[in-house]
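The structure under discussion appears below in the form of structure tokens.
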Amino acid sequence: MPDIVYILEMIGVIAFAISGMIVAQQKNMDPVGVFTIGFVTALGGGTLRDLMMDNHPLYWIKHQEQPILILVMAVVFSYAGLGQRIRESRIVFPDAIGLGIFSILGAQLALDLGHSWFIASLLGVMTGTFGGALRDTLCNEVPFIFRKDQIYASISFAGCWLYFVCQWLLESETLALTIGLLFIVIVRMAAVRFDIRLQRDPH
């Protein structure tokens, strides 16, 4: 299982970093700005999780390959102009992948440290959403998590609980993780595609 978790973590880091770098380049930031936004998007949620659980050293400090990878990506994005050729709306897919991976892995880590399902689900939501919230705030955008026209944190919360129930019923960590992750990604993409929201504006 550790190898699968590590691979998922790296995919999540890449996905969230891409979403951050696209937005940063759309805002005409220099390479330092592109790296900074990519870094906080990819690692901000995990940092908050580790700080709240007093889990030291922080995960990305133990795994320096993650910030190194983000630095390399930032250089490529900045000097190849990749973000300027990608529409900002395209961040939805990598953002959904990052949301799914980090929500489930954050909840899994909280369970491993002995926390209840409810606390683990909250920590999973924080892990999955905080990086994107930092990205949007620093780029002067209203974060997805606070927009009336977006279902975001609630999908993460539901996905964490689906993961817990599947883990309990199926007694298969890998299958439960896969189901929870796919649920978050698919429902998030469907919500954007079909304009599904928790509250409609009154007409």
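Chain identifiers are assigned as A, B, and so on, following the order in which chains appear in the structure tokens; residues are numbered from 1 within each chain, and ligands are numbered from 1 in order of appearance.
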
- Item | Near-stretch 94-103 of chain A list (6 Å; only C-alpha atoms; drop same-chain fewer than 2 positions) as number ranges by chain | A: 12, 15-16, 19, 91-92, 105-106, 124-125, 127-128, 181, 184-185

Run DSSP on the backbone and tell me which residues of stretch 5-136 of chain A come out as alpha helix (DSSP H); list them as a PDB file with N, CA and C atoms, in the first residue's frame.
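Now in selection.pdb:
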```
ATOM      1  N   VAL A   5       0.184   4.783  -2.243  1.00  0.00           N
ATOM      2  CA  VAL A   5      -0.049   6.082  -1.597  1.00  0.00           C
ATOM      3  C   VAL A   5       0.958   7.110  -2.086  1.00  0.00           C
ATOM      4  N   TYR A   6       2.217   6.717  -2.165  1.00  0.00           N
ATOM      5  CA  TYR A   6       3.246   7.665  -2.607  1.00  0.00           C
ATOM      6  C   TYR A   6       3.010   8.098  -4.051  1.00  0.00           C
ATOM      7  N   ILE A   7       2.648   7.151  -4.910  1.00  0.00           N
ATOM      8  CA  ILE A   7       2.364   7.496  -6.309  1.00  0.00           C
ATOM      9  C   ILE A   7       1.190   8.468  -6.394  1.00  0.00           C
ATOM     10  N   LEU A   8       0.142   8.199  -5.613  1.00  0.00           N
ATOM     11  CA  LEU A   8      -1.012   9.098  -5.600  1.00  0.00           C
ATOM     12  C   LEU A   8      -0.625  10.483  -5.102  1.00  0.00           C
ATOM     13  N   GLU A   9       0.212  10.524  -4.073  1.00  0.00           N
ATOM     14  CA  GLU A   9       0.655  11.823  -3.549  1.00  0.00           C
ATOM     15  C   GLU A   9       1.383  12.618  -4.628  1.00  0.00           C
ATOM     16  N   MET A  10       2.251  11.973  -5.372  1.00  0.00           N
ATOM     17  CA  MET A  10       3.000  12.677  -6.409  1.00  0.00           C
ATOM     18  C   MET A  10       2.072  13.137  -7.529  1.00  0.00           C
ATOM     19  N   ILE A  11       1.081  12.305  -7.876  1.00  0.00           N
ATOM     20  CA  ILE A  11       0.106  12.717  -8.888  1.00  0.00           C
ATOM     21  C   ILE A  11      -0.676  13.930  -8.387  1.00  0.00           C
ATOM     22  N   GLY A  12      -1.063  13.897  -7.110  1.00  0.00           N
ATOM     23  CA  GLY A  12      -1.781  15.034  -6.529  1.00  0.00           C
ATOM     24  C   GLY A  12      -0.958  16.300  -6.521  1.00  0.00           C
ATOM     25  N   VAL A  13       0.320  16.181  -6.163  1.00  0.00           N
ATOM     26  CA  VAL A  13       1.217  17.341  -6.169  1.00  0.00           C
ATOM     27  C   VAL A  13       1.314  17.926  -7.573  1.00  0.00           C
ATOM     28  N   ILE A  14       1.519  17.072  -8.564  1.00  0.00           N
ATOM     29  CA  ILE A  14       1.640  17.541  -9.952  1.00  0.00           C
ATOM     30  C   ILE A  14       0.341  18.209 -10.399  1.00  0.00           C
ATOM     31  N   ALA A  15      -0.804  17.573 -10.110  1.00  0.00           N
ATOM     32  CA  ALA A  15      -2.092  18.104 -10.550  1.00  0.00           C
ATOM     33  C   ALA A  15      -2.376  19.467  -9.934  1.00  0.00           C
ATOM     34  N   PHE A  16      -2.213  19.581  -8.629  1.00  0.00           N
ATOM     35  CA  PHE A  16      -2.482  20.856  -7.963  1.00  0.00           C
ATOM     36  C   PHE A  16      -1.471  21.927  -8.394  1.00  0.00           C
ATOM     37  N   ALA A  17      -0.198  21.528  -8.558  1.00  0.00           N
ATOM     38  CA  ALA A  17       0.810  22.495  -8.995  1.00  0.00           C
ATOM     39  C   ALA A  17       0.475  23.030 -10.380  1.00  0.00           C
ATOM     40  N   ILE A  18       0.026  22.160 -11.279  1.00  0.00           N
ATOM     41  CA  ILE A  18      -0.362  22.603 -12.624  1.00  0.00           C
ATOM     42  C   ILE A  18      -1.497  23.615 -12.547  1.00  0.00           C
ATOM     43  N   SER A  19      -2.516  23.310 -11.715  1.00  0.00           N
ATOM     44  CA  SER A  19      -3.646  24.236 -11.611  1.00  0.00           C
ATOM     45  C   SER A  19      -3.188  25.602 -11.094  1.00  0.00           C
ATOM     46  N   GLY A  20      -2.261  25.589 -10.135  1.00  0.00           N
ATOM     47  CA  GLY A  20      -1.754  26.851  -9.605  1.00  0.00           C
ATOM     48  C   GLY A  20      -0.925  27.621 -10.614  1.00  0.00           C
ATOM     49  N   MET A  21      -0.088  26.913 -11.347  1.00  0.00           N
ATOM     50  CA  MET A  21       0.794  27.576 -12.306  1.00  0.00           C
ATOM     51  C   MET A  21       0.022  28.151 -13.488  1.00  0.00           C
ATOM     52  N   ILE A  22      -1.042  27.473 -13.905  1.00  0.00           N
ATOM     53  CA  ILE A  22      -1.875  28.020 -14.981  1.00  0.00           C
ATOM     54  C   ILE A  22      -2.465  29.358 -14.554  1.00  0.00           C
ATOM     55  N   VAL A  23      -3.022  29.393 -13.345  1.00  0.00           N
ATOM     56  CA  VAL A  23      -3.616  30.644 -12.854  1.00  0.00           C
ATOM     57  C   VAL A  23      -2.550  31.723 -12.697  1.00  0.00           C
ATOM     58  N   ALA A  24      -1.378  31.350 -12.161  1.00  0.00           N
ATOM     59  CA  ALA A  24      -0.303  32.325 -11.956  1.00  0.00           C
ATOM     60  C   ALA A  24       0.138  32.952 -13.270  1.00  0.00           C
ATOM     61  N   GLN A  25       0.268  32.140 -14.311  1.00  0.00           N
ATOM     62  CA  GLN A  25       0.680  32.690 -15.604  1.00  0.00           C
ATOM     63  C   GLN A  25      -0.427  33.533 -16.234  1.00  0.00           C
ATOM     64  N   GLN A  26      -1.675  33.142 -15.998  1.00  0.00           N
ATOM     65  CA  GLN A  26      -2.778  33.970 -16.496  1.00  0.00           C
ATOM     66  C   GLN A  26      -2.775  35.345 -15.825  1.00  0.00           C
ATOM     67  N   PRO A  31       8.571  34.009 -12.791  1.00  0.00           N
ATOM     68  CA  PRO A  31       8.854  32.633 -12.370  1.00  0.00           C
ATOM     69  C   PRO A  31       8.754  32.408 -10.868  1.00  0.00           C
ATOM     70  N   VAL A  32       9.153  33.409 -10.071  1.00  0.00           N
ATOM     71  CA  VAL A  32       9.037  33.266  -8.612  1.00  0.00           C
ATOM     72  C   VAL A  32       7.570  33.147  -8.211  1.00  0.00           C
ATOM     73  N   GLY A  33       6.737  33.964  -8.825  1.00  0.00           N
ATOM     74  CA  GLY A  33       5.311  33.902  -8.540  1.00  0.00           C
ATOM     75  C   GLY A  33       4.705  32.583  -8.976  1.00  0.00           C
ATOM     76  N   VAL A  34       5.117  32.086 -10.144  1.00  0.00           N
ATOM     77  CA  VAL A  34       4.611  30.805 -10.640  1.00  0.00           C
ATOM     78  C   VAL A  34       4.991  29.679  -9.684  1.00  0.00           C
ATOM     79  N   PHE A  35       6.238  29.687  -9.217  1.00  0.00           N
ATOM     80  CA  PHE A  35       6.673  28.670  -8.252  1.00  0.00           C
ATOM     81  C   PHE A  35       5.902  28.790  -6.950  1.00  0.00           C
ATOM     82  N   THR A  36       5.744  30.008  -6.453  1.00  0.00           N
ATOM     83  CA  THR A  36       5.068  30.220  -5.170  1.00  0.00           C
ATOM     84  C   THR A  36       3.621  29.738  -5.214  1.00  0.00           C
ATOM     85  N   ILE A  37       2.901  30.110  -6.277  1.00  0.00           N
ATOM     86  CA  ILE A  37       1.505  29.696  -6.385  1.00  0.00           C
ATOM     87  C   ILE A  37       1.406  28.186  -6.571  1.00  0.00           C
ATOM     88  N   GLY A  38       2.294  27.615  -7.387  1.00  0.00           N
ATOM     89  CA  GLY A  38       2.302  26.164  -7.552  1.00  0.00           C
ATOM     90  C   GLY A  38       2.595  25.452  -6.239  1.00  0.00           C
ATOM     91  N   PHE A  39       3.526  26.004  -5.470  1.00  0.00           N
ATOM     92  CA  PHE A  39       3.930  25.405  -4.195  1.00  0.00           C
ATOM     93  C   PHE A  39       2.787  25.427  -3.185  1.00  0.00           C
ATOM     94  N   VAL A  40       2.172  26.586  -2.981  1.00  0.00           N
ATOM     95  CA  VAL A  40       1.117  26.676  -1.965  1.00  0.00           C
ATOM     96  C   VAL A  40      -0.119  25.873  -2.382  1.00  0.00           C
ATOM     97  N   THR A  41      -0.380  25.801  -3.688  1.00  0.00           N
ATOM     98  CA  THR A  41      -1.529  25.023  -4.150  1.00  0.00           C
ATOM     99  C   THR A  41      -1.312  23.541  -3.889  1.00  0.00           C
ATOM    100  N   ALA A  42      -0.116  23.054  -4.208  1.00  0.00           N
ATOM    101  CA  ALA A  42       0.175  21.627  -4.083  1.00  0.00           C
ATOM    102  C   ALA A  42       0.404  21.185  -2.644  1.00  0.00           C
ATOM    103  N   LEU A  43       1.036  22.027  -1.836  1.00  0.00           N
ATOM    104  CA  LEU A  43       1.483  21.597  -0.515  1.00  0.00           C
ATOM    105  C   LEU A  43       0.806  22.319   0.645  1.00  0.00           C
ATOM    106  N   GLY A  44      -0.012  23.324   0.347  1.00  0.00           N
ATOM    107  CA  GLY A  44      -0.647  24.097   1.415  1.00  0.00           C
ATOM    108  C   GLY A  44      -1.589  23.279   2.268  1.00  0.00           C
ATOM    109  N   GLY A  45      -2.413  22.429   1.635  1.00  0.00           N
ATOM    110  CA  GLY A  45      -3.361  21.629   2.393  1.00  0.00           C
ATOM    111  C   GLY A  45      -2.676  20.622   3.301  1.00  0.00           C
ATOM    112  N   GLY A  46      -1.650  19.951   2.794  1.00  0.00           N
ATOM    113  CA  GLY A  46      -0.921  18.994   3.602  1.00  0.00           C
ATOM    114  C   GLY A  46      -0.175  19.661   4.746  1.00  0.00           C
ATOM    115  N   THR A  47       0.312  20.874   4.507  1.00  0.00           N
ATOM    116  CA  THR A  47       0.997  21.620   5.566  1.00  0.00           C
ATOM    117  C   THR A  47       0.037  21.949   6.694  1.00  0.00           C
ATOM    118  N   LEU A  48      -1.165  22.440   6.349  1.00  0.00           N
ATOM    119  CA  LEU A  48      -2.168  22.750   7.369  1.00  0.00           C
ATOM    120  C   LEU A  48      -2.543  21.487   8.149  1.00  0.00           C
ATOM    121  N   ARG A  49      -2.738  20.385   7.443  1.00  0.00           N
ATOM    122  CA  ARG A  49      -3.076  19.109   8.100  1.00  0.00           C
ATOM    123  C   ARG A  49      -2.012  18.702   9.107  1.00  0.00           C
ATOM    124  N   ASP A  50      -0.741  18.741   8.677  1.00  0.00           N
ATOM    125  CA  ASP A  50       0.344  18.331   9.564  1.00  0.00           C
ATOM    126  C   ASP A  50       0.461  19.247  10.776  1.00  0.00           C
ATOM    127  N   LEU A  51       0.274  20.547  10.570  1.00  0.00           N
ATOM    128  CA  LEU A  51       0.351  21.491  11.687  1.00  0.00           C
ATOM    129  C   LEU A  51      -0.768  21.245  12.692  1.00  0.00           C
ATOM    130  N   MET A  52      -1.982  20.990  12.206  1.00  0.00           N
ATOM    131  CA  MET A  52      -3.121  20.789  13.099  1.00  0.00           C
ATOM    132  C   MET A  52      -3.010  19.473  13.858  1.00  0.00           C
ATOM    133  N   TYR A  59       5.343  16.960   5.934  1.00  0.00           N
ATOM    134  CA  TYR A  59       5.540  15.903   4.949  1.00  0.00           C
ATOM    135  C   TYR A  59       6.504  16.315   3.846  1.00  0.00           C
ATOM    136  N   TRP A  60       6.347  17.546   3.320  1.00  0.00           N
ATOM    137  CA  TRP A  60       7.200  17.946   2.195  1.00  0.00           C
ATOM    138  C   TRP A  60       8.628  18.232   2.638  1.00  0.00           C
ATOM    139  N   ILE A  61       8.841  18.438   3.923  1.00  0.00           N
ATOM    140  CA  ILE A  61      10.218  18.585   4.418  1.00  0.00           C
ATOM    141  C   ILE A  61      10.901  17.218   4.443  1.00  0.00           C
ATOM    142  N   LYS A  62      10.140  16.183   4.788  1.00  0.00           N
ATOM    143  CA  LYS A  62      10.697  14.819   4.755  1.00  0.00           C
ATOM    144  C   LYS A  62      10.900  14.328   3.329  1.00  0.00           C
ATOM    145  N   GLU A  65      11.784  15.850  -2.596  1.00  0.00           N
ATOM    146  CA  GLU A  65      11.566  15.702  -4.025  1.00  0.00           C
ATOM    147  C   GLU A  65      10.295  16.422  -4.478  1.00  0.00           C
ATOM    148  N   GLN A  66       9.351  16.633  -3.575  1.00  0.00           N
ATOM    149  CA  GLN A  66       8.115  17.318  -3.962  1.00  0.00           C
ATOM    150  C   GLN A  66       8.348  18.803  -4.266  1.00  0.00           C
ATOM    151  N   PRO A  67       8.945  19.591  -3.349  1.00  0.00           N
ATOM    152  CA  PRO A  67       9.226  20.980  -3.724  1.00  0.00           C
ATOM    153  C   PRO A  67      10.227  21.115  -4.868  1.00  0.00           C
ATOM    154  N   ILE A  68      11.163  20.163  -4.987  1.00  0.00           N
ATOM    155  CA  ILE A  68      12.107  20.198  -6.112  1.00  0.00           C
ATOM    156  C   ILE A  68      11.345  20.011  -7.426  1.00  0.00           C
ATOM    157  N   LEU A  69      10.416  19.060  -7.445  1.00  0.00           N
ATOM    158  CA  LEU A  69       9.600  18.822  -8.637  1.00  0.00           C
ATOM    159  C   LEU A  69       8.797  20.070  -9.006  1.00  0.00           C
ATOM    160  N   ILE A  70       8.235  20.721  -8.000  1.00  0.00           N
ATOM    161  CA  ILE A  70       7.451  21.936  -8.261  1.00  0.00           C
ATOM    162  C   ILE A  70       8.341  23.042  -8.823  1.00  0.00           C
ATOM    163  N   LEU A  71       9.568  23.146  -8.329  1.00  0.00           N
ATOM    164  CA  LEU A  71      10.507  24.141  -8.845  1.00  0.00           C
ATOM    165  C   LEU A  71      10.819  23.875 -10.322  1.00  0.00           C
ATOM    166  N   VAL A  72      11.085  22.618 -10.660  1.00  0.00           N
ATOM    167  CA  VAL A  72      11.363  22.263 -12.057  1.00  0.00           C
ATOM    168  C   VAL A  72      10.155  22.579 -12.932  1.00  0.00           C
ATOM    169  N   MET A  73       8.971  22.229 -12.456  1.00  0.00           N
ATOM    170  CA  MET A  73       7.752  22.519 -13.212  1.00  0.00           C
ATOM    171  C   MET A  73       7.577  24.019 -13.423  1.00  0.00           C
ATOM    172  N   ALA A  74       7.885  24.808 -12.391  1.00  0.00           N
ATOM    173  CA  ALA A  74       7.731  26.261 -12.488  1.00  0.00           C
ATOM    174  C   ALA A  74       8.662  26.842 -13.548  1.00  0.00           C
ATOM    175  N   VAL A  75       9.883  26.328 -13.606  1.00  0.00           N
ATOM    176  CA  VAL A  75      10.833  26.793 -14.624  1.00  0.00           C
ATOM    177  C   VAL A  75      10.319  26.458 -16.020  1.00  0.00           C
ATOM    178  N   VAL A  76       9.850  25.220 -16.187  1.00  0.00           N
ATOM    179  CA  VAL A  76       9.328  24.796 -17.497  1.00  0.00           C
ATOM    180  C   VAL A  76       8.114  25.633 -17.877  1.00  0.00           C
ATOM    181  N   PHE A  77       7.192  25.809 -16.951  1.00  0.00           N
ATOM    182  CA  PHE A  77       5.987  26.591 -17.231  1.00  0.00           C
ATOM    183  C   PHE A  77       6.341  28.025 -17.603  1.00  0.00           C
ATOM    184  N   SER A  78       7.278  28.603 -16.863  1.00  0.00           N
ATOM    185  CA  SER A  78       7.602  30.017 -17.060  1.00  0.00           C
ATOM    186  C   SER A  78       8.291  30.270 -18.390  1.00  0.00           C
ATOM    187  N   TYR A  79       9.239  29.421 -18.743  1.00  0.00           N
ATOM    188  CA  TYR A  79      10.042  29.702 -19.933  1.00  0.00           C
ATOM    189  C   TYR A  79       9.502  29.037 -21.199  1.00  0.00           C
ATOM    190  N   ALA A  80       8.553  28.109 -21.026  1.00  0.00           N
ATOM    191  CA  ALA A  80       7.889  27.537 -22.194  1.00  0.00           C
ATOM    192  C   ALA A  80       6.532  28.197 -22.433  1.00  0.00           C
ATOM    193  N   VAL A  92      -9.929  23.127 -13.896  1.00  0.00           N
ATOM    194  CA  VAL A  92     -10.943  22.350 -13.175  1.00  0.00           C
ATOM    195  C   VAL A  92     -10.540  20.885 -13.063  1.00  0.00           C
ATOM    196  N   PHE A  93     -10.025  20.292 -14.150  1.00  0.00           N
ATOM    197  CA  PHE A  93      -9.683  18.867 -14.113  1.00  0.00           C
ATOM    198  C   PHE A  93      -8.506  18.570 -13.183  1.00  0.00           C
ATOM    199  N   PRO A  94      -7.341  19.227 -13.347  1.00  0.00           N
ATOM    200  CA  PRO A  94      -6.263  18.938 -12.395  1.00  0.00           C
ATOM    201  C   PRO A  94      -6.641  19.296 -10.960  1.00  0.00           C
ATOM    202  N   ASP A  95      -7.459  20.354 -10.793  1.00  0.00           N
ATOM    203  CA  ASP A  95      -7.896  20.713  -9.452  1.00  0.00           C
ATOM    204  C   ASP A  95      -8.763  19.609  -8.855  1.00  0.00           C
ATOM    205  N   ALA A  96      -9.630  18.996  -9.662  1.00  0.00           N
ATOM    206  CA  ALA A  96     -10.482  17.905  -9.179  1.00  0.00           C
ATOM    207  C   ALA A  96      -9.645  16.697  -8.774  1.00  0.00           C
ATOM    208  N   ILE A  97      -8.603  16.416  -9.551  1.00  0.00           N
ATOM    209  CA  ILE A  97      -7.717  15.299  -9.208  1.00  0.00           C
ATOM    210  C   ILE A  97      -7.012  15.570  -7.881  1.00  0.00           C
ATOM    211  N   GLY A  98      -6.465  16.777  -7.746  1.00  0.00           N
ATOM    212  CA  GLY A  98      -5.803  17.132  -6.493  1.00  0.00           C
ATOM    213  C   GLY A  98      -6.759  17.087  -5.322  1.00  0.00           C
ATOM    214  N   LEU A  99      -7.979  17.600  -5.524  1.00  0.00           N
ATOM    215  CA  LEU A  99      -8.986  17.581  -4.460  1.00  0.00           C
ATOM    216  C   LEU A  99      -9.272  16.156  -4.010  1.00  0.00           C
ATOM    217  N   GLY A 100      -9.464  15.257  -4.969  1.00  0.00           N
ATOM    218  CA  GLY A 100      -9.774  13.876  -4.628  1.00  0.00           C
ATOM    219  C   GLY A 100      -8.637  13.177  -3.905  1.00  0.00           C
ATOM    220  N   ILE A 101      -7.444  13.280  -4.458  1.00  0.00           N
ATOM    221  CA  ILE A 101      -6.296  12.586  -3.867  1.00  0.00           C
ATOM    222  C   ILE A 101      -5.994  13.087  -2.463  1.00  0.00           C
ATOM    223  N   PHE A 102      -5.901  14.401  -2.290  1.00  0.00           N
ATOM    224  CA  PHE A 102      -5.490  14.922  -0.991  1.00  0.00           C
ATOM    225  C   PHE A 102      -6.594  14.834   0.055  1.00  0.00           C
ATOM    226  N   SER A 103      -7.861  14.864  -0.363  1.00  0.00           N
ATOM    227  CA  SER A 103      -8.949  14.678   0.599  1.00  0.00           C
ATOM    228  C   SER A 103      -8.885  13.274   1.196  1.00  0.00           C
ATOM    229  N   ILE A 104      -8.772  12.268   0.335  1.00  0.00           N
ATOM    230  CA  ILE A 104      -8.775  10.884   0.808  1.00  0.00           C
ATOM    231  C   ILE A 104      -7.495  10.554   1.578  1.00  0.00           C
ATOM    232  N   LEU A 105      -6.351  10.986   1.068  1.00  0.00           N
ATOM    233  CA  LEU A 105      -5.093  10.680   1.771  1.00  0.00           C
ATOM    234  C   LEU A 105      -4.998  11.428   3.091  1.00  0.00           C
ATOM    235  N   GLY A 106      -5.542  12.659   3.141  1.00  0.00           N
ATOM    236  CA  GLY A 106      -5.560  13.402   4.401  1.00  0.00           C
ATOM    237  C   GLY A 106      -6.423  12.699   5.430  1.00  0.00           C
ATOM    238  N   ALA A 107      -7.586  12.210   4.999  1.00  0.00           N
ATOM    239  CA  ALA A 107      -8.477  11.472   5.904  1.00  0.00           C
ATOM    240  C   ALA A 107      -7.821  10.167   6.348  1.00  0.00           C
ATOM    241  N   GLN A 108      -7.153   9.499   5.424  1.00  0.00           N
ATOM    242  CA  GLN A 108      -6.487   8.229   5.744  1.00  0.00           C
ATOM    243  C   GLN A 108      -5.406   8.433   6.804  1.00  0.00           C
ATOM    244  N   LEU A 109      -4.601   9.476   6.652  1.00  0.00           N
ATOM    245  CA  LEU A 109      -3.541   9.749   7.624  1.00  0.00           C
ATOM    246  C   LEU A 109      -4.135  10.052   8.997  1.00  0.00           C
ATOM    247  N   ALA A 110      -5.219  10.824   9.019  1.00  0.00           N
ATOM    248  CA  ALA A 110      -5.859  11.155  10.296  1.00  0.00           C
ATOM    249  C   ALA A 110      -6.375   9.892  10.986  1.00  0.00           C
ATOM    250  N   LEU A 111      -6.944   8.959  10.216  1.00  0.00           N
ATOM    251  CA  LEU A 111      -7.390   7.685  10.793  1.00  0.00           C
ATOM    252  C   LEU A 111      -6.208   6.892  11.342  1.00  0.00           C
ATOM    253  N   ASP A 112      -5.124   6.872  10.579  1.00  0.00           N
ATOM    254  CA  ASP A 112      -3.937   6.131  11.008  1.00  0.00           C
ATOM    255  C   ASP A 112      -3.375   6.675  12.322  1.00  0.00           C
ATOM    256  N   TRP A 117     -13.815   9.178  12.733  1.00  0.00           N
ATOM    257  CA  TRP A 117     -14.247   9.404  11.351  1.00  0.00           C
ATOM    258  C   TRP A 117     -14.573  10.877  11.113  1.00  0.00           C
ATOM    259  N   PHE A 118     -15.277  11.484  12.061  1.00  0.00           N
ATOM    260  CA  PHE A 118     -15.692  12.877  11.853  1.00  0.00           C
ATOM    261  C   PHE A 118     -14.487  13.811  11.775  1.00  0.00           C
ATOM    262  N   ILE A 119     -13.565  13.688  12.726  1.00  0.00           N
ATOM    263  CA  ILE A 119     -12.371  14.533  12.719  1.00  0.00           C
ATOM    264  C   ILE A 119     -11.530  14.243  11.483  1.00  0.00           C
ATOM    265  N   ALA A 120     -11.424  12.972  11.122  1.00  0.00           N
ATOM    266  CA  ALA A 120     -10.643  12.599   9.933  1.00  0.00           C
ATOM    267  C   ALA A 120     -11.261  13.194   8.672  1.00  0.00           C
ATOM    268  N   SER A 121     -12.597  13.237   8.601  1.00  0.00           N
ATOM    269  CA  SER A 121     -13.242  13.817   7.417  1.00  0.00           C
ATOM    270  C   SER A 121     -12.978  15.317   7.330  1.00  0.00           C
ATOM    271  N   LEU A 122     -12.993  16.012   8.473  1.00  0.00           N
ATOM    272  CA  LEU A 122     -12.694  17.445   8.463  1.00  0.00           C
ATOM    273  C   LEU A 122     -11.248  17.696   8.041  1.00  0.00           C
ATOM    274  N   LEU A 123     -10.334  16.886   8.548  1.00  0.00           N
ATOM    275  CA  LEU A 123      -8.924  17.040   8.167  1.00  0.00           C
ATOM    276  C   LEU A 123      -8.719  16.680   6.696  1.00  0.00           C
ATOM    277  N   GLY A 124      -9.485  15.719   6.193  1.00  0.00           N
ATOM    278  CA  GLY A 124      -9.420  15.392   4.775  1.00  0.00           C
ATOM    279  C   GLY A 124      -9.874  16.554   3.908  1.00  0.00           C
ATOM    280  N   VAL A 125     -10.985  17.189   4.311  1.00  0.00           N
ATOM    281  CA  VAL A 125     -11.474  18.359   3.575  1.00  0.00           C
ATOM    282  C   VAL A 125     -10.444  19.482   3.604  1.00  0.00           C
ATOM    283  N   MET A 126      -9.854  19.738   4.761  1.00  0.00           N
ATOM    284  CA  MET A 126      -8.825  20.780   4.866  1.00  0.00           C
ATOM    285  C   MET A 126      -7.647  20.476   3.952  1.00  0.00           C
ATOM    286  N   THR A 127      -7.214  19.215   3.949  1.00  0.00           N
ATOM    287  CA  THR A 127      -6.076  18.833   3.107  1.00  0.00           C
ATOM    288  C   THR A 127      -6.395  19.028   1.633  1.00  0.00           C
ATOM    289  N   GLY A 128      -7.620  18.697   1.244  1.00  0.00           N
ATOM    290  CA  GLY A 128      -7.990  18.774  -0.159  1.00  0.00           C
ATOM    291  C   GLY A 128      -8.315  20.161  -0.664  1.00  0.00           C
ATOM    292  N   THR A 129      -8.774  21.047   0.234  1.00  0.00           N
ATOM    293  CA  THR A 129      -9.271  22.347  -0.225  1.00  0.00           C
ATOM    294  C   THR A 129      -8.369  23.535   0.077  1.00  0.00           C
ATOM    295  N   PHE A 130      -7.516  23.429   1.088  1.00  0.00           N
ATOM    296  CA  PHE A 130      -6.788  24.615   1.541  1.00  0.00           C
ATOM    297  C   PHE A 130      -5.788  25.120   0.512  1.00  0.00           C
ATOM    298  N   GLY A 131      -5.126  24.210  -0.204  1.00  0.00           N
ATOM    299  CA  GLY A 131      -4.168  24.647  -1.216  1.00  0.00           C
ATOM    300  C   GLY A 131      -4.835  25.448  -2.318  1.00  0.00           C
ATOM    301  N   GLY A 132      -5.997  24.960  -2.788  1.00  0.00           N
ATOM    302  CA  GLY A 132      -6.729  25.697  -3.811  1.00  0.00           C
ATOM    303  C   GLY A 132      -7.241  27.029  -3.309  1.00  0.00           C
ATOM    304  N   ALA A 133      -7.643  27.078  -2.028  1.00  0.00           N
ATOM    305  CA  ALA A 133      -8.105  28.340  -1.450  1.00  0.00           C
ATOM    306  C   ALA A 133      -6.964  29.352  -1.387  1.00  0.00           C
ATOM    307  N   LEU A 134      -5.768  28.887  -1.024  1.00  0.00           N
ATOM    308  CA  LEU A 134      -4.598  29.776  -1.014  1.00  0.00           C
ATOM    309  C   LEU A 134      -4.285  30.282  -2.417  1.00  0.00           C
ATOM    310  N   ARG A 135      -4.343  29.374  -3.391  1.00  0.00           N
ATOM    311  CA  ARG A 135      -4.090  29.754  -4.793  1.00  0.00           C
ATOM    312  C   ARG A 135      -5.016  30.875  -5.229  1.00  0.00           C
ATOM    313  N   ASP A 136      -6.298  30.679  -5.008  1.00  0.00           N
ATOM    314  CA  ASP A 136      -7.277  31.662  -5.471  1.00  0.00           C
ATOM    315  C   ASP A 136      -7.160  32.985  -4.713  1.00  0.00           C
TER     316      ASP A 136
END
```

- So what do you get for atom CA of A:Tyr152 versus atom CA of A:Glu173, distance-wise?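 Taking atom CA of A:Tyr152 and atom CA of A:Glu173, their separation equals 24.3 Å.
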
- Query: Between A:Ile4, A:Met53, A:Leu138, A:Ile155, which one has atoms that come closest to A:Leu198, using only C-alpha atoms?
  - Reply: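 Going through A:Ile4, A:Met53, A:Leu138, A:Ile155 one by one, the smallest distance to A:Leu198 is for A:Ile155.
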
- Message: When you look at A:Asp149 with a cut-off of 12 Å (counting only C-alpha atoms), what residues show up, excluding the ones that are within fewer than 3 positions of it in the same chain? I need them as a PyMOL selection string.
- Response: chain A and resi 142-146+152+191-201
